[in-house]
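Undergrad: Below is structure20.cif; it holds mmCIF, N, CA and C atoms.
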data_target
loop_
_atom_site.label_atom_id
_atom_site.label_comp_id
_atom_site.auth_asym_id
_atom_site.auth_seq_id
_atom_site.Cartn_x
_atom_site.Cartn_y
_atom_site.Cartn_z
N MET A 15 9.05 19.18 2.60
CA MET A 15 9.00 18.15 1.56
C MET A 15 8.85 16.78 2.21
N LYS A 16 8.00 15.94 1.61
CA LYS A 16 7.75 14.62 2.15
C LYS A 16 8.84 13.64 1.72
N THR A 17 9.22 12.76 2.65
CA THR A 17 10.15 11.70 2.32
C THR A 17 9.36 10.48 1.85
N ALA A 18 10.08 9.47 1.38
CA ALA A 18 9.43 8.24 0.92
C ALA A 18 8.71 7.55 2.08
N TYR A 19 9.26 7.68 3.28
CA TYR A 19 8.66 7.03 4.44
C TYR A 19 7.42 7.78 4.94
N ASP A 20 7.24 9.04 4.55
CA ASP A 20 6.02 9.77 4.86
C ASP A 20 4.90 9.36 3.89
N ILE A 21 5.25 8.95 2.69
CA ILE A 21 4.26 8.57 1.68
C ILE A 21 3.75 7.15 1.92
N ILE A 22 4.67 6.19 2.14
CA ILE A 22 4.28 4.80 2.38
C ILE A 22 4.09 4.62 3.88
N ILE A 23 2.87 4.37 4.33
CA ILE A 23 2.59 4.27 5.76
C ILE A 23 2.82 2.85 6.26
N LYS A 24 2.16 1.86 5.63
CA LYS A 24 2.34 0.47 6.05
C LYS A 24 1.81 -0.47 4.98
N PRO A 25 2.28 -1.72 4.98
CA PRO A 25 1.73 -2.70 4.03
C PRO A 25 0.37 -3.19 4.51
N VAL A 26 -0.45 -3.59 3.56
CA VAL A 26 -1.76 -4.16 3.88
C VAL A 26 -1.62 -5.67 3.78
N ILE A 27 -1.79 -6.36 4.91
CA ILE A 27 -1.60 -7.81 4.98
C ILE A 27 -2.97 -8.47 5.11
N THR A 28 -3.49 -9.00 4.02
CA THR A 28 -4.74 -9.75 4.01
C THR A 28 -4.54 -11.00 3.17
N GLU A 29 -5.49 -11.91 3.21
CA GLU A 29 -5.39 -13.13 2.40
C GLU A 29 -5.32 -12.79 0.92
N GLN A 30 -6.16 -11.88 0.50
CA GLN A 30 -6.21 -11.52 -0.92
C GLN A 30 -4.92 -10.84 -1.36
N SER A 31 -4.38 -9.95 -0.55
CA SER A 31 -3.14 -9.28 -0.95
C SER A 31 -1.95 -10.23 -0.93
N MET A 32 -1.96 -11.22 -0.05
CA MET A 32 -0.85 -12.19 0.00
C MET A 32 -0.89 -13.13 -1.21
N GLU A 33 -2.07 -13.44 -1.72
CA GLU A 33 -2.16 -14.27 -2.92
C GLU A 33 -1.60 -13.55 -4.14
N GLN A 34 -1.69 -12.24 -4.17
CA GLN A 34 -1.22 -11.46 -5.31
C GLN A 34 0.29 -11.28 -5.31
N THR A 35 0.98 -11.58 -4.22
CA THR A 35 2.43 -11.39 -4.18
C THR A 35 3.15 -12.32 -5.17
N GLU A 36 2.56 -13.46 -5.49
CA GLU A 36 3.17 -14.37 -6.47
C GLU A 36 3.22 -13.74 -7.85
N ALA A 37 2.28 -12.84 -8.14
CA ALA A 37 2.24 -12.13 -9.43
C ALA A 37 2.95 -10.79 -9.34
N LYS A 38 3.73 -10.58 -8.29
CA LYS A 38 4.48 -9.33 -8.05
C LYS A 38 3.56 -8.12 -7.91
N LYS A 39 2.45 -8.32 -7.21
CA LYS A 39 1.53 -7.23 -6.90
C LYS A 39 1.50 -7.08 -5.38
N TYR A 40 1.69 -5.85 -4.90
CA TYR A 40 1.76 -5.58 -3.48
C TYR A 40 0.82 -4.45 -3.13
N VAL A 41 0.28 -4.47 -1.89
CA VAL A 41 -0.70 -3.48 -1.47
C VAL A 41 -0.15 -2.73 -0.25
N PHE A 42 -0.27 -1.39 -0.29
CA PHE A 42 0.22 -0.54 0.78
C PHE A 42 -0.81 0.50 1.16
N GLN A 43 -0.81 0.90 2.43
CA GLN A 43 -1.55 2.08 2.85
C GLN A 43 -0.62 3.26 2.65
N VAL A 44 -1.10 4.29 1.98
CA VAL A 44 -0.26 5.44 1.64
C VAL A 44 -0.91 6.72 2.17
N ALA A 45 -0.13 7.80 2.13
CA ALA A 45 -0.65 9.10 2.55
C ALA A 45 -1.82 9.49 1.66
N ILE A 46 -2.82 10.08 2.26
CA ILE A 46 -4.07 10.36 1.53
C ILE A 46 -3.87 11.40 0.44
N ASP A 47 -2.84 12.24 0.55
CA ASP A 47 -2.61 13.27 -0.46
C ASP A 47 -1.52 12.89 -1.46
N ALA A 48 -1.02 11.65 -1.41
CA ALA A 48 0.04 11.21 -2.32
C ALA A 48 -0.56 10.84 -3.68
N ASN A 49 0.16 11.18 -4.76
CA ASN A 49 -0.31 10.80 -6.09
C ASN A 49 0.49 9.58 -6.58
N LYS A 50 0.12 9.06 -7.75
CA LYS A 50 0.70 7.81 -8.25
C LYS A 50 2.20 7.93 -8.52
N SER A 51 2.64 9.03 -9.05
CA SER A 51 4.07 9.18 -9.34
C SER A 51 4.89 9.26 -8.06
N GLU A 52 4.37 9.91 -7.02
CA GLU A 52 5.06 9.96 -5.73
C GLU A 52 5.14 8.57 -5.10
N ILE A 53 4.06 7.80 -5.21
CA ILE A 53 4.03 6.45 -4.66
C ILE A 53 5.04 5.57 -5.39
N LYS A 54 5.09 5.68 -6.71
CA LYS A 54 6.03 4.90 -7.51
C LYS A 54 7.48 5.19 -7.11
N LYS A 55 7.83 6.46 -6.99
CA LYS A 55 9.19 6.84 -6.59
C LYS A 55 9.52 6.36 -5.19
N ALA A 56 8.55 6.44 -4.27
CA ALA A 56 8.79 6.02 -2.89
C ALA A 56 9.04 4.52 -2.79
N ILE A 57 8.25 3.72 -3.50
CA ILE A 57 8.42 2.26 -3.49
C ILE A 57 9.78 1.89 -4.09
N GLU A 58 10.14 2.52 -5.20
CA GLU A 58 11.42 2.23 -5.84
C GLU A 58 12.59 2.62 -4.93
N GLN A 59 12.45 3.72 -4.20
CA GLN A 59 13.52 4.17 -3.32
C GLN A 59 13.65 3.29 -2.08
N ILE A 60 12.55 2.92 -1.46
CA ILE A 60 12.59 2.16 -0.21
C ILE A 60 13.03 0.71 -0.45
N PHE A 61 12.44 0.05 -1.45
CA PHE A 61 12.67 -1.38 -1.64
C PHE A 61 13.66 -1.70 -2.75
N GLY A 62 14.08 -0.74 -3.56
CA GLY A 62 15.04 -0.99 -4.63
C GLY A 62 14.49 -1.87 -5.73
N VAL A 63 13.25 -1.66 -6.13
CA VAL A 63 12.60 -2.44 -7.19
C VAL A 63 12.15 -1.50 -8.30
N LYS A 64 11.68 -2.09 -9.42
CA LYS A 64 11.14 -1.29 -10.52
C LYS A 64 9.63 -1.48 -10.57
N VAL A 65 8.91 -0.37 -10.53
CA VAL A 65 7.45 -0.40 -10.52
C VAL A 65 6.92 -0.21 -11.93
N GLU A 66 6.01 -1.10 -12.33
CA GLU A 66 5.40 -1.00 -13.66
C GLU A 66 4.14 -0.15 -13.61
N LYS A 67 3.29 -0.38 -12.59
CA LYS A 67 1.98 0.25 -12.56
C LYS A 67 1.55 0.48 -11.12
N VAL A 68 0.83 1.58 -10.88
CA VAL A 68 0.28 1.89 -9.56
C VAL A 68 -1.20 2.19 -9.71
N ASN A 69 -2.04 1.49 -8.95
CA ASN A 69 -3.47 1.78 -8.88
C ASN A 69 -3.77 2.26 -7.47
N THR A 70 -4.61 3.27 -7.34
CA THR A 70 -4.95 3.79 -6.02
C THR A 70 -6.46 3.80 -5.84
N ILE A 71 -6.88 3.74 -4.58
CA ILE A 71 -8.29 3.81 -4.24
C ILE A 71 -8.42 4.46 -2.87
N ARG A 72 -9.41 5.32 -2.72
CA ARG A 72 -9.67 5.96 -1.43
C ARG A 72 -10.66 5.11 -0.68
N MET A 73 -10.29 4.68 0.51
CA MET A 73 -11.13 3.82 1.33
C MET A 73 -11.85 4.67 2.37
N GLU A 74 -13.16 4.50 2.47
CA GLU A 74 -13.94 5.26 3.43
C GLU A 74 -13.87 4.56 4.78
N GLY A 75 -13.70 5.33 5.84
CA GLY A 75 -13.63 4.77 7.19
C GLY A 75 -14.95 4.16 7.62
N LYS A 76 -14.88 3.09 8.38
CA LYS A 76 -16.09 2.40 8.82
C LYS A 76 -16.71 3.13 10.01
N ALA A 77 -18.03 3.02 10.11
CA ALA A 77 -18.73 3.52 11.29
C ALA A 77 -18.58 2.49 12.39
N LYS A 78 -18.18 2.93 13.57
CA LYS A 78 -17.98 2.02 14.70
C LYS A 78 -18.80 2.49 15.88
N ARG A 79 -19.18 1.54 16.73
CA ARG A 79 -19.95 1.87 17.92
C ARG A 79 -19.49 1.02 19.07
N GLN A 80 -19.34 1.64 20.24
CA GLN A 80 -19.00 0.90 21.45
C GLN A 80 -19.96 1.37 22.52
N GLY A 81 -20.96 0.53 22.80
CA GLY A 81 -21.99 0.94 23.75
C GLY A 81 -22.83 2.05 23.15
N VAL A 82 -22.93 3.14 23.88
CA VAL A 82 -23.73 4.27 23.43
C VAL A 82 -22.92 5.19 22.51
N THR A 83 -21.59 5.19 22.67
CA THR A 83 -20.73 6.06 21.91
C THR A 83 -20.56 5.54 20.49
N SER A 84 -20.71 6.42 19.50
CA SER A 84 -20.50 6.02 18.12
C SER A 84 -19.54 7.00 17.46
N GLY A 85 -18.86 6.53 16.43
CA GLY A 85 -17.89 7.36 15.73
C GLY A 85 -17.50 6.71 14.42
N ARG A 86 -16.45 7.22 13.81
CA ARG A 86 -15.98 6.69 12.53
C ARG A 86 -14.48 6.50 12.58
N ARG A 87 -14.01 5.50 11.85
CA ARG A 87 -12.58 5.37 11.61
C ARG A 87 -12.18 6.38 10.54
N ALA A 88 -10.90 6.70 10.47
CA ALA A 88 -10.43 7.69 9.50
C ALA A 88 -10.46 7.13 8.09
N ASN A 89 -10.68 7.99 7.11
CA ASN A 89 -10.55 7.62 5.70
C ASN A 89 -9.07 7.41 5.39
N TRP A 90 -8.77 6.51 4.43
CA TRP A 90 -7.38 6.24 4.09
C TRP A 90 -7.27 5.90 2.62
N LYS A 91 -6.04 5.84 2.14
CA LYS A 91 -5.79 5.59 0.72
C LYS A 91 -4.98 4.31 0.57
N LYS A 92 -5.37 3.47 -0.38
CA LYS A 92 -4.71 2.20 -0.63
C LYS A 92 -4.07 2.24 -2.01
N ALA A 93 -2.85 1.72 -2.12
CA ALA A 93 -2.15 1.67 -3.41
C ALA A 93 -1.80 0.22 -3.72
N MET A 94 -2.19 -0.24 -4.91
CA MET A 94 -1.82 -1.55 -5.40
C MET A 94 -0.68 -1.35 -6.41
N VAL A 95 0.47 -1.93 -6.11
CA VAL A 95 1.68 -1.71 -6.90
C VAL A 95 2.04 -2.98 -7.64
N LYS A 96 2.24 -2.90 -8.96
CA LYS A 96 2.68 -4.04 -9.76
C LYS A 96 4.11 -3.79 -10.21
N LEU A 97 4.99 -4.76 -9.95
CA LEU A 97 6.39 -4.64 -10.32
C LEU A 97 6.61 -5.17 -11.73
N THR A 98 7.70 -4.74 -12.35
CA THR A 98 8.03 -5.23 -13.69
C THR A 98 8.46 -6.69 -13.60
N ALA A 99 8.44 -7.39 -14.73
CA ALA A 99 8.77 -8.81 -14.77
C ALA A 99 10.23 -9.06 -14.41
N ASP A 100 11.13 -8.13 -14.77
CA ASP A 100 12.55 -8.34 -14.48
C ASP A 100 12.97 -7.81 -13.11
N SER A 101 12.04 -7.24 -12.36
CA SER A 101 12.35 -6.68 -11.04
C SER A 101 12.42 -7.79 -9.99
N LYS A 102 13.21 -7.56 -8.96
CA LYS A 102 13.24 -8.52 -7.84
C LYS A 102 11.99 -8.34 -6.99
N THR A 103 11.69 -9.32 -6.14
CA THR A 103 10.53 -9.24 -5.27
C THR A 103 10.86 -8.41 -4.04
N ILE A 104 9.82 -8.00 -3.33
CA ILE A 104 10.02 -7.26 -2.08
C ILE A 104 10.20 -8.30 -0.98
N GLU A 105 11.35 -8.28 -0.32
CA GLU A 105 11.71 -9.30 0.65
C GLU A 105 10.82 -9.30 1.88
N PHE A 106 10.21 -8.18 2.22
CA PHE A 106 9.36 -8.08 3.40
C PHE A 106 8.21 -9.08 3.35
N PHE A 107 7.67 -9.32 2.16
CA PHE A 107 6.49 -10.17 2.00
C PHE A 107 6.82 -11.65 1.81
N GLU A 108 8.08 -12.01 1.61
CA GLU A 108 8.44 -13.38 1.21
C GLU A 108 8.10 -14.43 2.26
N GLY A 109 8.29 -14.17 3.53
CA GLY A 109 8.04 -15.18 4.56
C GLY A 109 6.59 -15.30 4.97
N MET A 110 5.69 -14.48 4.42
CA MET A 110 4.31 -14.45 4.88
C MET A 110 3.37 -15.32 4.06
N VAL A 111 3.79 -15.75 2.89
CA VAL A 111 2.89 -16.50 2.01
C VAL A 111 2.79 -17.94 2.46
#
Produce structure tokens that represent the structure in this file.
TA:
Amino acid sequence: MKTAYDIIIKPVITEQSMEQTEAKKYVFQVAIDANKSEIKKAIEQIFGVKVEKVNTIRMEGKAKRQGVTSGRRANWKKAMVKLTADSKTIEFFEGMV
């Protein structure tokens, strides 16, 4: 059985995702086989917040080349999580904005 820490891999830190933190929207890289309900439970368990909505998208790995050798990065899954209005914010993101 997967734990919450197996489902949530890492936060996605970009300019666009940091702008959305003011609206209580956070972006995470998640396990590729995780579904929305598993992601919701994992976020609530790890950070102690209430999740209103979860959107997911499968990201295709980029083609990379170094000299003659070429290959691909791995495919991954991204989850955009929106918290309820009465929920507290996730403290991990507070100092980054």
Undergrad: With the PyMOL selection byres ((chain A and resi 24) around 6) as the selection, what would be picked from this file? Answer as a PDB file with N, CA and C atoms, in the coordinates of the input, please.
TA:
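Ended up saving to selection.pdb:
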ATOM      1  N   ILE A  22       4.670   6.190   2.140  1.00  0.00           N
ATOM      2  CA  ILE A  22       4.280   4.800   2.380  1.00  0.00           C
ATOM      3  C   ILE A  22       4.090   4.620   3.880  1.00  0.00           C
ATOM      4  N   ILE A  23       2.870   4.370   4.330  1.00  0.00           N
ATOM      5  CA  ILE A  23       2.590   4.270   5.760  1.00  0.00           C
ATOM      6  C   ILE A  23       2.820   2.850   6.260  1.00  0.00           C
ATOM      7  N   PRO A  25       2.280  -1.720   4.980  1.00  0.00           N
ATOM      8  CA  PRO A  25       1.730  -2.700   4.030  1.00  0.00           C
ATOM      9  C   PRO A  25       0.370  -3.190   4.510  1.00  0.00           C
ATOM     10  N   VAL A  26      -0.450  -3.590   3.560  1.00  0.00           N
ATOM     11  CA  VAL A  26      -1.760  -4.160   3.880  1.00  0.00           C
ATOM     12  C   VAL A  26      -1.620  -5.670   3.780  1.00  0.00           C
ATOM     13  N   PHE A  42      -0.270  -1.390  -0.290  1.00  0.00           N
ATOM     14  CA  PHE A  42       0.220  -0.540   0.780  1.00  0.00           C
ATOM     15  C   PHE A  42      -0.810   0.500   1.160  1.00  0.00           C
ATOM     16  N   GLN A  43      -0.810   0.900   2.430  1.00  0.00           N
ATOM     17  CA  GLN A  43      -1.550   2.080   2.850  1.00  0.00           C
ATOM     18  C   GLN A  43      -0.620   3.260   2.650  1.00  0.00           C
ATOM     19  N   VAL A  44      -1.100   4.290   1.980  1.00  0.00           N
ATOM     20  CA  VAL A  44      -0.260   5.440   1.640  1.00  0.00           C
ATOM     21  C   VAL A  44      -0.910   6.720   2.170  1.00  0.00           C
TER      22      VAL A  44
END
Undergrad: Residues of range 22-80 of chain A classed as alpha helix (DSSP H) by DSSP on the backbone are to be reported as a PyMOL selection string.
TA: chain A and resi 29-33+50-61
Undergrad: Using all atoms listed in the file, which residues of range 25-82 of chain A come within 7 Å of range 86-92 of chain A, and what is the closest atom pair for each, with the distance in Å to one decimal? Give it as a tab-separated table, sorted by chain and residue number.
TA:
residue	atom	partner	partner_atom	distance
A:Val41	C	A:Lys92	C	6.6
A:Phe42	C	A:Lys92	CA	4.6
A:Gln43	CA	A:Lys91	C	4.7
A:Val44	N	A:Lys91	C	4.1
A:Ala45	C	A:Lys91	N	5.6
A:Ile46	CA	A:Lys91	N	5.0
A:Asn69	C	A:Lys92	C	5.5
A:Thr70	CA	A:Lys92	C	4.4
A:Ile71	C	A:Lys92	N	4.1
A:Arg72	CA	A:Lys91	CA	4.5
A:Met73	N	A:Trp90	C	3.9
A:Glu74	C	A:Asn89	CA	4.6
A:Gly75	N	A:Asn89	CA	3.9
A:Lys76	C	A:Arg87	N	4.0
A:Ala77	CA	A:Arg86	CA	4.4
A:Lys78	N	A:Arg86	CA	4.5
A:Arg79	N	A:Arg86	N	6.9
Undergrad: So, counting only N, CA and C atoms, which residue among A:Asp20, A:Thr98, A:Phe107, A:Glu52 is closest to Thr35 in chain A?
TA: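 Closest to Thr35 in chain A, using only N, CA and C atoms: A:Phe107.
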Undergrad: Going by DSSP on the backbone, which residues of range 39-98 of chain A come out as strand (DSSP E)? List them as a VMD selection string.
TA: chain A and resid 39 to 44 65 to 73 77 to 80 83 to 86 90 to 97
Undergrad: Extract, using only N, CA and C atoms, all DNA, RNA and protein residues at most 6 Å from Val65 in chain A, discarding same-chain residues fewer than 5 positions from it, and format them as a PDB file with N, CA and C atoms, in the coordinates of the input.
TA:
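Listed below is the output, part.pdb:
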ATOM      1  N   GLU A  58      10.140   2.520  -5.200  1.00  0.00           N
ATOM      2  CA  GLU A  58      11.420   2.230  -5.840  1.00  0.00           C
ATOM      3  C   GLU A  58      12.590   2.620  -4.930  1.00  0.00           C
ATOM      4  N   LYS A  96       2.240  -2.900  -8.960  1.00  0.00           N
ATOM      5  CA  LYS A  96       2.680  -4.040  -9.760  1.00  0.00           C
ATOM      6  C   LYS A  96       4.110  -3.790 -10.210  1.00  0.00           C
ATOM      7  N   LEU A  97       4.990  -4.760  -9.950  1.00  0.00           N
ATOM      8  CA  LEU A  97       6.390  -4.640 -10.320  1.00  0.00           C
ATOM      9  C   LEU A  97       6.610  -5.170 -11.730  1.00  0.00           C
ATOM     10  N   THR A  98       7.700  -4.740 -12.350  1.00  0.00           N
ATOM     11  CA  THR A  98       8.030  -5.230 -13.690  1.00  0.00           C
ATOM     12  C   THR A  98       8.460  -6.690 -13.600  1.00  0.00           C
TER      13      THR A  98
END
Undergrad: Skipping near chain neighbours, those fewer than 3 positions away, what residues fall within 8 Å of Gly62 in chain A using all atoms listed in the file, listed as a PDB file with N, CA and C atoms, in the frame of the given file?
TA:
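After the write, part.pdb holds the following:
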ATOM      1  N   ALA A  56       8.550   6.440  -4.270  1.00  0.00           N
ATOM      2  CA  ALA A  56       8.790   6.020  -2.890  1.00  0.00           C
ATOM      3  C   ALA A  56       9.040   4.520  -2.790  1.00  0.00           C
ATOM      4  N   ILE A  57       8.250   3.720  -3.500  1.00  0.00           N
ATOM      5  CA  ILE A  57       8.420   2.260  -3.490  1.00  0.00           C
ATOM      6  C   ILE A  57       9.780   1.890  -4.090  1.00  0.00           C
ATOM      7  N   GLU A  58      10.140   2.520  -5.200  1.00  0.00           N
ATOM      8  CA  GLU A  58      11.420   2.230  -5.840  1.00  0.00           C
ATOM      9  C   GLU A  58      12.590   2.620  -4.930  1.00  0.00           C
ATOM     10  N   GLN A  59      12.450   3.720  -4.200  1.00  0.00           N
ATOM     11  CA  GLN A  59      13.520   4.170  -3.320  1.00  0.00           C
ATOM     12  C   GLN A  59      13.650   3.290  -2.080  1.00  0.00           C
ATOM     13  N   VAL A  65       8.910  -0.370 -10.530  1.00  0.00           N
ATOM     14  CA  VAL A  65       7.450  -0.400 -10.520  1.00  0.00           C
ATOM     15  C   VAL A  65       6.920  -0.210 -11.930  1.00  0.00           C
ATOM     16  N   SER A 101      12.040  -7.240 -12.360  1.00  0.00           N
ATOM     17  CA  SER A 101      12.350  -6.680 -11.040  1.00  0.00           C
ATOM     18  C   SER A 101      12.420  -7.790  -9.990  1.00  0.00           C
ATOM     19  N   LYS A 102      13.210  -7.560  -8.960  1.00  0.00           N
ATOM     20  CA  LYS A 102      13.240  -8.520  -7.840  1.00  0.00           C
ATOM     21  C   LYS A 102      11.990  -8.340  -6.990  1.00  0.00           C
ATOM     22  N   THR A 103      11.690  -9.320  -6.140  1.00  0.00           N
ATOM     23  CA  THR A 103      10.530  -9.240  -5.270  1.00  0.00           C
ATOM     24  C   THR A 103      10.860  -8.410  -4.040  1.00  0.00           C
ATOM     25  N   ILE A 104       9.820  -8.000  -3.330  1.00  0.00           N
ATOM     26  CA  ILE A 104      10.020  -7.260  -2.080  1.00  0.00           C
ATOM     27  C   ILE A 104      10.200  -8.300  -0.980  1.00  0.00           C
TER      28      ILE A 104
END
